[in-house]
Amino acid sequence: MNINIATTINGQAYKVGVRPNQTLLDFLRDDLSLKGTVEGCSVGVCGSCTVLVDGRPVSSCLMLATNAEGMRVTTIEGLAQNGELDPVQTAFLKHQAFQCGYCTAGMIMAVKGLLASNPRPTQAQARDYLSGNLCRCGTYVEVLAAVKELAEG
């Protein structure tokens with residue numbers, strides 16, 4: 001049995017049926033083939049699956065797809081516009097704020113949420129805000145350098 005929802009993903013309106021127990025992460029990856037959002041821990045502590053829901057970072061592994069009813073969801077695939085990378089993506093590239101890349105999409109989405117709520121965060125504020133996004137490669141210094149550039153610029 002599916003539950004019908006209307007939602008907007010990366011600017012495109014959808015009217016779809018989702019399973020009652022289907023997570024937003026599974027809906028994005030399995031039903032819409034948006035593979036940029038990845039599953040890390042499945043319990044909402046690593047941040048790899050972070051997407052923006054109405055502009056706020058959310059762990060998509062914890063949110064049911066049915067809760068996206070009437071909401072705007074943005075994934076990493078939705079950031080670039082007209083062939084141009086988002087400034088957060090550009091800053092990550094410039095500062096090489098990734099190694100293996102597994103956490104990168106979630107980290108970028110979290111930074112996007114941070115800058116939307118606080119365009120000029122201090123390093124302490126950025127560090128605190130991003131504490132829910134884990135990078136096993138340890139690129140925190142580079143991520144914070146990207147945030148610093150974006151906050152100053």
# chains A, B, ... in the order shown; residues from 1 in each chain; ligands from 1
$ closest_atom_pairs --of "stretch 10-37 of chain A" --to "stretch 85-104 of chain A" --cutoff "12 Å" --atoms "only C-alpha atoms" --output "tab-separated table"
residue	atom	partner	partner_atom	distance
A:Lys35	CA	A:Tyr102	CA	11.6
A:Gly36	CA	A:Thr104	CA	9.4
A:Thr37	CA	A:Cys103	CA	9.2
$ select_by_dssp --residues "chain A" --states "strand (DSSP E)" --output "list in words"
Ile3, Asn4, Ile5, Ala6, Thr7, Thr8, Ile9, Gln12, Ala13, Tyr14, Lys15, Val16, Gly17, Val18, Thr50, Val51, Leu52, Val53, Arg56, Pro57, Val58, Ser59, Arg72, Val73 and Thr74 of chain A
$ write_last_selection --atoms "C-alpha atoms" --output "JSON list (two decimals), in the first residue's frame"
[["chain", "number", "residue", "atom", "x", "y", "z"],
["A", 3, "ILE", "CA", 0.66, 6.82, 0.37],
["A", 4, "ASN", "CA", 0.39, 9.58, -2.21],
["A", 5, "ILE", "CA", 2.44, 12.72, -1.62],
["A", 6, "ALA", "CA", 3.11, 15.92, -3.49],
["A", 7, "THR", "CA", 6.61, 17.30, -3.02],
["A", 8, "THR", "CA", 9.23, 19.28, -4.87],
["A", 9, "ILE", "CA", 12.67, 17.76, -5.35],
["A", 12, "GLN", "CA", 10.73, 19.64, -9.89],
["A", 13, "ALA", "CA", 7.21, 18.89, -8.63],
["A", 14, "TYR", "CA", 6.34, 15.25, -7.98],
["A", 15, "LYS", "CA", 3.06, 13.53, -7.18],
["A", 16, "VAL", "CA", 4.06, 10.01, -6.23],
["A", 17, "GLY", "CA", 3.16, 7.06, -4.08],
["A", 18, "VAL", "CA", 5.61, 6.08, -1.35],
["A", 50, "THR", "CA", 22.08, 15.35, 4.66],
["A", 51, "VAL", "CA", 19.66, 17.11, 2.32],
["A", 52, "LEU", "CA", 17.88, 20.44, 2.65],
["A", 53, "VAL", "CA", 14.17, 20.35, 3.44],
["A", 56, "ARG", "CA", 17.14, 23.33, 6.54],
["A", 57, "PRO", "CA", 19.58, 20.40, 6.79],
["A", 58, "VAL", "CA", 17.91, 17.07, 7.55],
["A", 59, "SER", "CA", 19.24, 13.53, 7.91],
["A", 72, "ARG", "CA", 10.88, 21.52, -0.98],
["A", 73, "VAL", "CA", 13.78, 19.06, -0.90],
["A", 74, "THR", "CA", 17.19, 19.91, -2.30]]
$ residues_around --residues "A:Asp30" --least-positions-apart "6" --cutoff "12 Å" --atoms "only C-alpha atoms" --output "PyMOL selection string"
chain A and resi 18-19+22-24+36-39+65
$ select_by_dssp --residues "chain A" --states "helix (DSSP H, G or I)" --output "PDB file with N, CA, C and O atoms, in the first residue's frame"
ATOM      1  N   LEU A  24      13.122   9.078   3.373  1.00  0.00           N
ATOM      2  CA  LEU A  24      13.383  10.028   2.301  1.00  0.00           C
ATOM      3  C   LEU A  24      14.637   9.611   1.538  1.00  0.00           C
ATOM      4  O   LEU A  24      14.685   9.702   0.307  1.00  0.00           O
ATOM      5  N   LEU A  25      15.648   9.126   2.248  1.00  0.00           N
ATOM      6  CA  LEU A  25      16.875   8.658   1.606  1.00  0.00           C
ATOM      7  C   LEU A  25      16.577   7.565   0.582  1.00  0.00           C
ATOM      8  O   LEU A  25      17.036   7.630  -0.566  1.00  0.00           O
ATOM      9  N   ASP A  26      15.810   6.566   0.976  1.00  0.00           N
ATOM     10  CA  ASP A  26      15.490   5.474   0.059  1.00  0.00           C
ATOM     11  C   ASP A  26      14.654   5.957  -1.120  1.00  0.00           C
ATOM     12  O   ASP A  26      14.857   5.516  -2.257  1.00  0.00           O
ATOM     13  N   PHE A  27      13.732   6.869  -0.856  1.00  0.00           N
ATOM     14  CA  PHE A  27      12.917   7.433  -1.942  1.00  0.00           C
ATOM     15  C   PHE A  27      13.807   8.160  -2.954  1.00  0.00           C
ATOM     16  O   PHE A  27      13.686   7.962  -4.161  1.00  0.00           O
ATOM     17  N   LEU A  28      14.719   8.986  -2.464  1.00  0.00           N
ATOM     18  CA  LEU A  28      15.603   9.737  -3.353  1.00  0.00           C
ATOM     19  C   LEU A  28      16.478   8.801  -4.176  1.00  0.00           C
ATOM     20  O   LEU A  28      16.608   8.951  -5.395  1.00  0.00           O
ATOM     21  N   ARG A  29      17.095   7.835  -3.523  1.00  0.00           N
ATOM     22  CA  ARG A  29      18.051   6.953  -4.199  1.00  0.00           C
ATOM     23  C   ARG A  29      17.353   5.906  -5.072  1.00  0.00           C
ATOM     24  O   ARG A  29      17.719   5.705  -6.222  1.00  0.00           O
ATOM     25  N   ASP A  30      16.352   5.237  -4.513  1.00  0.00           N
ATOM     26  CA  ASP A  30      15.746   4.091  -5.199  1.00  0.00           C
ATOM     27  C   ASP A  30      14.677   4.492  -6.207  1.00  0.00           C
ATOM     28  O   ASP A  30      14.613   3.943  -7.306  1.00  0.00           O
ATOM     29  N   ASP A  31      13.834   5.444  -5.847  1.00  0.00           N
ATOM     30  CA  ASP A  31      12.725   5.808  -6.727  1.00  0.00           C
ATOM     31  C   ASP A  31      13.107   6.894  -7.731  1.00  0.00           C
ATOM     32  O   ASP A  31      12.639   6.879  -8.864  1.00  0.00           O
ATOM     33  N   ALA A  65       9.619   9.497   3.886  1.00  0.00           N
ATOM     34  CA  ALA A  65       9.283  10.166   2.627  1.00  0.00           C
ATOM     35  C   ALA A  65       7.900  10.810   2.719  1.00  0.00           C
ATOM     36  O   ALA A  65       7.674  11.871   2.129  1.00  0.00           O
ATOM     37  N   THR A  66       6.989  10.207   3.456  1.00  0.00           N
ATOM     38  CA  THR A  66       5.650  10.783   3.602  1.00  0.00           C
ATOM     39  C   THR A  66       5.701  12.161   4.256  1.00  0.00           C
ATOM     40  O   THR A  66       4.839  13.002   4.005  1.00  0.00           O
ATOM     41  N   ASN A  67       6.715  12.424   5.057  1.00  0.00           N
ATOM     42  CA  ASN A  67       6.844  13.722   5.711  1.00  0.00           C
ATOM     43  C   ASN A  67       7.338  14.815   4.770  1.00  0.00           C
ATOM     44  O   ASN A  67       7.387  15.979   5.144  1.00  0.00           O
ATOM     45  N   ALA A  68       7.689  14.456   3.548  1.00  0.00           N
ATOM     46  CA  ALA A  68       8.101  15.445   2.553  1.00  0.00           C
ATOM     47  C   ALA A  68       6.888  16.061   1.851  1.00  0.00           C
ATOM     48  O   ALA A  68       7.050  16.931   0.998  1.00  0.00           O
ATOM     49  N   ILE A  76      22.197  17.203  -3.354  1.00  0.00           N
ATOM     50  CA  ILE A  76      23.447  17.685  -3.953  1.00  0.00           C
ATOM     51  C   ILE A  76      23.275  17.885  -5.462  1.00  0.00           C
ATOM     52  O   ILE A  76      23.845  18.810  -6.036  1.00  0.00           O
ATOM     53  N   GLU A  77      22.455  17.060  -6.092  1.00  0.00           N
ATOM     54  CA  GLU A  77      22.232  17.192  -7.538  1.00  0.00           C
ATOM     55  C   GLU A  77      21.504  18.485  -7.895  1.00  0.00           C
ATOM     56  O   GLU A  77      21.579  18.942  -9.030  1.00  0.00           O
ATOM     57  N   GLY A  78      20.813  19.071  -6.934  1.00  0.00           N
ATOM     58  CA  GLY A  78      20.028  20.272  -7.195  1.00  0.00           C
ATOM     59  C   GLY A  78      20.754  21.580  -6.934  1.00  0.00           C
ATOM     60  O   GLY A  78      20.173  22.646  -7.124  1.00  0.00           O
ATOM     61  N   PRO A  87      28.324  28.162  -5.083  1.00  0.00           N
ATOM     62  CA  PRO A  87      29.529  28.687  -4.428  1.00  0.00           C
ATOM     63  C   PRO A  87      30.103  27.752  -3.353  1.00  0.00           C
ATOM     64  O   PRO A  87      31.327  27.696  -3.189  1.00  0.00           O
ATOM     65  N   VAL A  88      29.256  27.002  -2.669  1.00  0.00           N
ATOM     66  CA  VAL A  88      29.769  26.062  -1.663  1.00  0.00           C
ATOM     67  C   VAL A  88      30.548  24.948  -2.351  1.00  0.00           C
ATOM     68  O   VAL A  88      31.638  24.574  -1.905  1.00  0.00           O
ATOM     69  N   GLN A  89      30.035  24.440  -3.444  1.00  0.00           N
ATOM     70  CA  GLN A  89      30.752  23.409  -4.193  1.00  0.00           C
ATOM     71  C   GLN A  89      32.087  23.938  -4.703  1.00  0.00           C
ATOM     72  O   GLN A  89      33.109  23.247  -4.621  1.00  0.00           O
ATOM     73  N   THR A  90      32.082  25.159  -5.210  1.00  0.00           N
ATOM     74  CA  THR A  90      33.310  25.772  -5.719  1.00  0.00           C
ATOM     75  C   THR A  90      34.340  25.933  -4.607  1.00  0.00           C
ATOM     76  O   THR A  90      35.528  25.650  -4.799  1.00  0.00           O
ATOM     77  N   ALA A  91      33.890  26.380  -3.435  1.00  0.00           N
ATOM     78  CA  ALA A  91      34.809  26.553  -2.304  1.00  0.00           C
ATOM     79  C   ALA A  91      35.372  25.209  -1.847  1.00  0.00           C
ATOM     80  O   ALA A  91      36.558  25.115  -1.497  1.00  0.00           O
ATOM     81  N   PHE A  92      34.558  24.159  -1.861  1.00  0.00           N
ATOM     82  CA  PHE A  92      35.059  22.834  -1.494  1.00  0.00           C
ATOM     83  C   PHE A  92      36.147  22.383  -2.475  1.00  0.00           C
ATOM     84  O   PHE A  92      37.159  21.824  -2.063  1.00  0.00           O
ATOM     85  N   LEU A  93      35.938  22.627  -3.754  1.00  0.00           N
ATOM     86  CA  LEU A  93      36.954  22.272  -4.745  1.00  0.00           C
ATOM     87  C   LEU A  93      38.230  23.082  -4.534  1.00  0.00           C
ATOM     88  O   LEU A  93      39.330  22.527  -4.537  1.00  0.00           O
ATOM     89  N   LYS A  94      38.080  24.381  -4.348  1.00  0.00           N
ATOM     90  CA  LYS A  94      39.236  25.258  -4.181  1.00  0.00           C
ATOM     91  C   LYS A  94      40.085  24.843  -2.978  1.00  0.00           C
ATOM     92  O   LYS A  94      41.310  24.845  -3.048  1.00  0.00           O
ATOM     93  N   THR A 104      31.177  14.059   1.430  1.00  0.00           N
ATOM     94  CA  THR A 104      31.220  15.377   0.802  1.00  0.00           C
ATOM     95  C   THR A 104      29.839  15.952   0.502  1.00  0.00           C
ATOM     96  O   THR A 104      29.572  17.116   0.815  1.00  0.00           O
ATOM     97  N   ALA A 105      28.960  15.187  -0.092  1.00  0.00           N
ATOM     98  CA  ALA A 105      27.632  15.717  -0.427  1.00  0.00           C
ATOM     99  C   ALA A 105      26.898  16.167   0.825  1.00  0.00           C
ATOM    100  O   ALA A 105      26.334  17.269   0.864  1.00  0.00           O
ATOM    101  N   GLY A 106      26.910  15.344   1.858  1.00  0.00           N
ATOM    102  CA  GLY A 106      26.249  15.719   3.113  1.00  0.00           C
ATOM    103  C   GLY A 106      26.893  16.926   3.764  1.00  0.00           C
ATOM    104  O   GLY A 106      26.206  17.804   4.312  1.00  0.00           O
ATOM    105  N   MET A 107      28.208  16.999   3.691  1.00  0.00           N
ATOM    106  CA  MET A 107      28.928  18.133   4.274  1.00  0.00           C
ATOM    107  C   MET A 107      28.591  19.417   3.510  1.00  0.00           C
ATOM    108  O   MET A 107      28.352  20.467   4.122  1.00  0.00           O
ATOM    109  N   ILE A 108      28.558  19.350   2.195  1.00  0.00           N
ATOM    110  CA  ILE A 108      28.214  20.521   1.379  1.00  0.00           C
ATOM    111  C   ILE A 108      26.797  20.985   1.712  1.00  0.00           C
ATOM    112  O   ILE A 108      26.549  22.188   1.868  1.00  0.00           O
ATOM    113  N   MET A 109      25.868  20.053   1.830  1.00  0.00           N
ATOM    114  CA  MET A 109      24.484  20.428   2.132  1.00  0.00           C
ATOM    115  C   MET A 109      24.381  21.047   3.524  1.00  0.00           C
ATOM    116  O   MET A 109      23.633  22.009   3.730  1.00  0.00           O
ATOM    117  N   ALA A 110      25.148  20.535   4.476  1.00  0.00           N
ATOM    118  CA  ALA A 110      25.148  21.111   5.826  1.00  0.00           C
ATOM    119  C   ALA A 110      25.726  22.529   5.798  1.00  0.00           C
ATOM    120  O   ALA A 110      25.189  23.435   6.449  1.00  0.00           O
ATOM    121  N   VAL A 111      26.805  22.737   5.054  1.00  0.00           N
ATOM    122  CA  VAL A 111      27.399  24.078   4.937  1.00  0.00           C
ATOM    123  C   VAL A 111      26.401  25.025   4.283  1.00  0.00           C
ATOM    124  O   VAL A 111      26.247  26.176   4.705  1.00  0.00           O
ATOM    125  N   LYS A 112      25.702  24.549   3.270  1.00  0.00           N
ATOM    126  CA  LYS A 112      24.679  25.363   2.612  1.00  0.00           C
ATOM    127  C   LYS A 112      23.613  25.785   3.632  1.00  0.00           C
ATOM    128  O   LYS A 112      23.206  26.948   3.662  1.00  0.00           O
ATOM    129  N   GLY A 113      23.186  24.863   4.472  1.00  0.00           N
ATOM    130  CA  GLY A 113      22.215  25.179   5.519  1.00  0.00           C
ATOM    131  C   GLY A 113      22.765  26.148   6.547  1.00  0.00           C
ATOM    132  O   GLY A 113      22.060  27.063   6.997  1.00  0.00           O
ATOM    133  N   LEU A 114      24.015  25.953   6.927  1.00  0.00           N
ATOM    134  CA  LEU A 114      24.669  26.857   7.874  1.00  0.00           C
ATOM    135  C   LEU A 114      24.672  28.277   7.339  1.00  0.00           C
ATOM    136  O   LEU A 114      24.266  29.217   8.034  1.00  0.00           O
ATOM    137  N   LEU A 115      25.131  28.453   6.113  1.00  0.00           N
ATOM    138  CA  LEU A 115      25.257  29.794   5.541  1.00  0.00           C
ATOM    139  C   LEU A 115      23.895  30.439   5.295  1.00  0.00           C
ATOM    140  O   LEU A 115      23.782  31.663   5.320  1.00  0.00           O
ATOM    141  N   ALA A 116      22.867  29.629   5.082  1.00  0.00           N
ATOM    142  CA  ALA A 116      21.514  30.179   4.920  1.00  0.00           C
ATOM    143  C   ALA A 116      20.995  30.738   6.243  1.00  0.00           C
ATOM    144  O   ALA A 116      20.324  31.760   6.276  1.00  0.00           O
ATOM    145  N   SER A 117      21.346  30.077   7.338  1.00  0.00           N
ATOM    146  CA  SER A 117      20.871  30.527   8.649  1.00  0.00           C
ATOM    147  C   SER A 117      21.811  31.543   9.295  1.00  0.00           C
ATOM    148  O   SER A 117      21.390  32.350  10.117  1.00  0.00           O
ATOM    149  N   GLN A 123      34.436  30.672  13.207  1.00  0.00           N
ATOM    150  CA  GLN A 123      34.963  29.309  13.086  1.00  0.00           C
ATOM    151  C   GLN A 123      34.349  28.413  14.160  1.00  0.00           C
ATOM    152  O   GLN A 123      34.029  27.258  13.887  1.00  0.00           O
ATOM    153  N   ALA A 124      34.164  28.950  15.369  1.00  0.00           N
ATOM    154  CA  ALA A 124      33.555  28.161  16.451  1.00  0.00           C
ATOM    155  C   ALA A 124      32.110  27.800  16.108  1.00  0.00           C
ATOM    156  O   ALA A 124      31.676  26.670  16.349  1.00  0.00           O
ATOM    157  N   GLN A 125      31.366  28.747  15.557  1.00  0.00           N
ATOM    158  CA  GLN A 125      29.981  28.471  15.172  1.00  0.00           C
ATOM    159  C   GLN A 125      29.926  27.429  14.054  1.00  0.00           C
ATOM    160  O   GLN A 125      29.090  26.525  14.081  1.00  0.00           O
ATOM    161  N   ALA A 126      30.804  27.561  13.074  1.00  0.00           N
ATOM    162  CA  ALA A 126      30.837  26.600  11.971  1.00  0.00           C
ATOM    163  C   ALA A 126      31.200  25.213  12.478  1.00  0.00           C
ATOM    164  O   ALA A 126      30.565  24.222  12.113  1.00  0.00           O
ATOM    165  N   ARG A 127      32.195  25.148  13.336  1.00  0.00           N
ATOM    166  CA  ARG A 127      32.625  23.863  13.900  1.00  0.00           C
ATOM    167  C   ARG A 127      31.473  23.204  14.667  1.00  0.00           C
ATOM    168  O   ARG A 127      31.207  22.020  14.508  1.00  0.00           O
ATOM    169  N   ASP A 128      30.761  23.996  15.460  1.00  0.00           N
ATOM    170  CA  ASP A 128      29.641  23.471  16.230  1.00  0.00           C
ATOM    171  C   ASP A 128      28.514  23.015  15.307  1.00  0.00           C
ATOM    172  O   ASP A 128      27.965  21.926  15.470  1.00  0.00           O
ATOM    173  N   TYR A 129      28.164  23.836  14.327  1.00  0.00           N
ATOM    174  CA  TYR A 129      27.063  23.527  13.418  1.00  0.00           C
ATOM    175  C   TYR A 129      27.341  22.247  12.632  1.00  0.00           C
ATOM    176  O   TYR A 129      26.438  21.449  12.395  1.00  0.00           O
ATOM    177  N   LEU A 130      28.584  22.059  12.228  1.00  0.00           N
ATOM    178  CA  LEU A 130      28.949  20.913  11.401  1.00  0.00           C
ATOM    179  C   LEU A 130      29.346  19.681  12.204  1.00  0.00           C
ATOM    180  O   LEU A 130      29.760  18.680  11.631  1.00  0.00           O
ATOM    181  N   SER A 131      29.206  19.753  13.515  1.00  0.00           N
ATOM    182  CA  SER A 131      29.634  18.628  14.359  1.00  0.00           C
ATOM    183  C   SER A 131      28.838  17.350  14.098  1.00  0.00           C
ATOM    184  O   SER A 131      29.293  16.262  14.437  1.00  0.00           O
ATOM    185  N   GLY A 132      27.692  17.451  13.464  1.00  0.00           N
ATOM    186  CA  GLY A 132      26.901  16.271  13.126  1.00  0.00           C
ATOM    187  C   GLY A 132      27.279  15.638  11.806  1.00  0.00           C
ATOM    188  O   GLY A 132      26.663  14.666  11.390  1.00  0.00           O
ATOM    189  N   TYR A 140      38.397  18.202   8.035  1.00  0.00           N
ATOM    190  CA  TYR A 140      37.729  19.295   8.748  1.00  0.00           C
ATOM    191  C   TYR A 140      38.425  20.638   8.550  1.00  0.00           C
ATOM    192  O   TYR A 140      37.766  21.665   8.403  1.00  0.00           O
ATOM    193  N   VAL A 141      39.741  20.664   8.546  1.00  0.00           N
ATOM    194  CA  VAL A 141      40.476  21.917   8.375  1.00  0.00           C
ATOM    195  C   VAL A 141      40.131  22.536   7.019  1.00  0.00           C
ATOM    196  O   VAL A 141      39.886  23.746   6.919  1.00  0.00           O
ATOM    197  N   GLU A 142      40.085  21.725   5.983  1.00  0.00           N
ATOM    198  CA  GLU A 142      39.781  22.212   4.641  1.00  0.00           C
ATOM    199  C   GLU A 142      38.321  22.664   4.539  1.00  0.00           C
ATOM    200  O   GLU A 142      38.017  23.672   3.896  1.00  0.00           O
ATOM    201  N   VAL A 143      37.414  21.915   5.165  1.00  0.00           N
ATOM    202  CA  VAL A 143      35.999  22.304   5.176  1.00  0.00           C
ATOM    203  C   VAL A 143      35.840  23.653   5.864  1.00  0.00           C
ATOM    204  O   VAL A 143      35.159  24.557   5.357  1.00  0.00           O
ATOM    205  N   LEU A 144      36.478  23.820   7.008  1.00  0.00           N
ATOM    206  CA  LEU A 144      36.384  25.091   7.731  1.00  0.00           C
ATOM    207  C   LEU A 144      37.029  26.235   6.949  1.00  0.00           C
ATOM    208  O   LEU A 144      36.558  27.375   7.022  1.00  0.00           O
ATOM    209  N   ALA A 145      38.069  25.954   6.183  1.00  0.00           N
ATOM    210  CA  ALA A 145      38.670  26.978   5.326  1.00  0.00           C
ATOM    211  C   ALA A 145      37.678  27.399   4.238  1.00  0.00           C
ATOM    212  O   ALA A 145      37.579  28.604   3.919  1.00  0.00           O
ATOM    213  N   ALA A 146      36.953  26.454   3.684  1.00  0.00           N
ATOM    214  CA  ALA A 146      35.936  26.775   2.680  1.00  0.00           C
ATOM    215  C   ALA A 146      34.838  27.634   3.299  1.00  0.00           C
ATOM    216  O   ALA A 146      34.400  28.621   2.700  1.00  0.00           O
ATOM    217  N   VAL A 147      34.389  27.257   4.489  1.00  0.00           N
ATOM    218  CA  VAL A 147      33.351  28.030   5.178  1.00  0.00           C
ATOM    219  C   VAL A 147      33.850  29.447   5.465  1.00  0.00           C
ATOM    220  O   VAL A 147      33.123  30.426   5.252  1.00  0.00           O
ATOM    221  N   LYS A 148      35.084  29.555   5.908  1.00  0.00           N
ATOM    222  CA  LYS A 148      35.648  30.863   6.217  1.00  0.00           C
ATOM    223  C   LYS A 148      35.660  31.768   4.982  1.00  0.00           C
ATOM    224  O   LYS A 148      35.272  32.935   5.038  1.00  0.00           O
ATOM    225  N   GLU A 149      36.096  31.212   3.853  1.00  0.00           N
ATOM    226  CA  GLU A 149      36.107  31.995   2.617  1.00  0.00           C
ATOM    227  C   GLU A 149      34.700  32.448   2.230  1.00  0.00           C
ATOM    228  O   GLU A 149      34.479  33.605   1.855  1.00  0.00           O
ATOM    229  N   LEU A 150      33.735  31.551   2.334  1.00  0.00           N
ATOM    230  CA  LEU A 150      32.364  31.882   1.977  1.00  0.00           C
ATOM    231  C   LEU A 150      31.783  32.934   2.921  1.00  0.00           C
ATOM    232  O   LEU A 150      31.039  33.815   2.491  1.00  0.00           O
ATOM    233  N   ALA A 151      32.132  32.852   4.201  1.00  0.00           N
ATOM    234  CA  ALA A 151      31.631  33.799   5.196  1.00  0.00           C
ATOM    235  C   ALA A 151      32.237  35.190   5.005  1.00  0.00           C
ATOM    236  O   ALA A 151      31.582  36.194   5.292  1.00  0.00           O
ATOM    237  N   GLU A 152      33.438  35.237   4.501  1.00  0.00           N
ATOM    238  CA  GLU A 152      34.123  36.528   4.315  1.00  0.00           C
ATOM    239  C   GLU A 152      33.762  37.169   2.987  1.00  0.00           C
ATOM    240  O   GLU A 152      33.915  38.368   2.819  1.00  0.00           O
TER     241      GLU A 152
END
$ atom_distance --atom1 "atom CA of A:Leu62" --atom2 "atom CA of A:Pro121"
26.7 Å
$ decode --residues "stretch 113-120 of chain A" --atoms "all heavy atoms" --output "PDB file, in the first residue's frame"
ATOM      1  N   GLY A 113      23.186  24.863   4.472  1.00  0.00           N
ATOM      2  CA  GLY A 113      22.215  25.179   5.519  1.00  0.00           C
ATOM      3  C   GLY A 113      22.765  26.148   6.547  1.00  0.00           C
ATOM      4  O   GLY A 113      22.060  27.063   6.997  1.00  0.00           O
ATOM      5  N   LEU A 114      24.015  25.953   6.927  1.00  0.00           N
ATOM      6  CA  LEU A 114      24.669  26.857   7.874  1.00  0.00           C
ATOM      7  C   LEU A 114      24.672  28.277   7.339  1.00  0.00           C
ATOM      8  O   LEU A 114      24.266  29.217   8.034  1.00  0.00           O
ATOM      9  CB  LEU A 114      26.103  26.399   8.145  1.00  0.00           C
ATOM     10  CG  LEU A 114      27.040  27.419   8.818  1.00  0.00           C
ATOM     11  CD1 LEU A 114      26.555  27.771  10.209  1.00  0.00           C
ATOM     12  CD2 LEU A 114      28.462  26.889   8.848  1.00  0.00           C
ATOM     13  N   LEU A 115      25.131  28.453   6.113  1.00  0.00           N
ATOM     14  CA  LEU A 115      25.257  29.794   5.541  1.00  0.00           C
ATOM     15  C   LEU A 115      23.895  30.439   5.295  1.00  0.00           C
ATOM     16  O   LEU A 115      23.782  31.663   5.320  1.00  0.00           O
ATOM     17  CB  LEU A 115      26.089  29.749   4.271  1.00  0.00           C
ATOM     18  CG  LEU A 115      27.543  29.318   4.484  1.00  0.00           C
ATOM     19  CD1 LEU A 115      28.246  29.140   3.154  1.00  0.00           C
ATOM     20  CD2 LEU A 115      28.286  30.300   5.369  1.00  0.00           C
ATOM     21  N   ALA A 116      22.867  29.629   5.082  1.00  0.00           N
ATOM     22  CA  ALA A 116      21.514  30.179   4.920  1.00  0.00           C
ATOM     23  C   ALA A 116      20.995  30.738   6.243  1.00  0.00           C
ATOM     24  O   ALA A 116      20.324  31.760   6.276  1.00  0.00           O
ATOM     25  CB  ALA A 116      20.565  29.113   4.389  1.00  0.00           C
ATOM     26  N   SER A 117      21.346  30.077   7.338  1.00  0.00           N
ATOM     27  CA  SER A 117      20.871  30.527   8.649  1.00  0.00           C
ATOM     28  C   SER A 117      21.811  31.543   9.295  1.00  0.00           C
ATOM     29  O   SER A 117      21.390  32.350  10.117  1.00  0.00           O
ATOM     30  CB  SER A 117      20.675  29.335   9.590  1.00  0.00           C
ATOM     31  OG  SER A 117      21.916  28.727   9.904  1.00  0.00           O
ATOM     32  N   ASN A 118      23.090  31.491   8.929  1.00  0.00           N
ATOM     33  CA  ASN A 118      24.086  32.395   9.504  1.00  0.00           C
ATOM     34  C   ASN A 118      25.150  32.668   8.438  1.00  0.00           C
ATOM     35  O   ASN A 118      26.141  31.946   8.349  1.00  0.00           O
ATOM     36  CB  ASN A 118      24.718  31.756  10.749  1.00  0.00           C
ATOM     37  CG  ASN A 118      25.735  32.642  11.414  1.00  0.00           C
ATOM     38  OD1 ASN A 118      26.016  33.753  10.967  1.00  0.00           O
ATOM     39  ND2 ASN A 118      26.318  32.153  12.496  1.00  0.00           N
ATOM     40  N   PRO A 119      24.961  33.710   7.622  1.00  0.00           N
ATOM     41  CA  PRO A 119      25.875  33.965   6.502  1.00  0.00           C
ATOM     42  C   PRO A 119      27.315  34.293   6.897  1.00  0.00           C
ATOM     43  O   PRO A 119      28.206  34.171   6.084  1.00  0.00           O
ATOM     44  CB  PRO A 119      25.250  35.167   5.785  1.00  0.00           C
ATOM     45  CG  PRO A 119      23.859  35.257   6.291  1.00  0.00           C
ATOM     46  CD  PRO A 119      23.837  34.631   7.642  1.00  0.00           C
ATOM     47  N   ARG A 120      27.538  34.683   8.131  1.00  0.00           N
ATOM     48  CA  ARG A 120      28.886  35.050   8.579  1.00  0.00           C
ATOM     49  C   ARG A 120      29.247  34.321   9.879  1.00  0.00           C
ATOM     50  O   ARG A 120      29.521  34.943  10.897  1.00  0.00           O
ATOM     51  CB  ARG A 120      28.973  36.563   8.796  1.00  0.00           C
ATOM     52  CG  ARG A 120      28.571  37.379   7.594  1.00  0.00           C
ATOM     53  CD  ARG A 120      29.738  38.151   7.039  1.00  0.00           C
ATOM     54  NE  ARG A 120      29.356  39.021   5.944  1.00  0.00           N
ATOM     55  CZ  ARG A 120      29.408  38.685   4.669  1.00  0.00           C
ATOM     56  NH1 ARG A 120      29.790  37.485   4.332  1.00  0.00           N
ATOM     57  NH2 ARG A 120      29.078  39.533   3.726  1.00  0.00           N
TER      58      ARG A 120
END
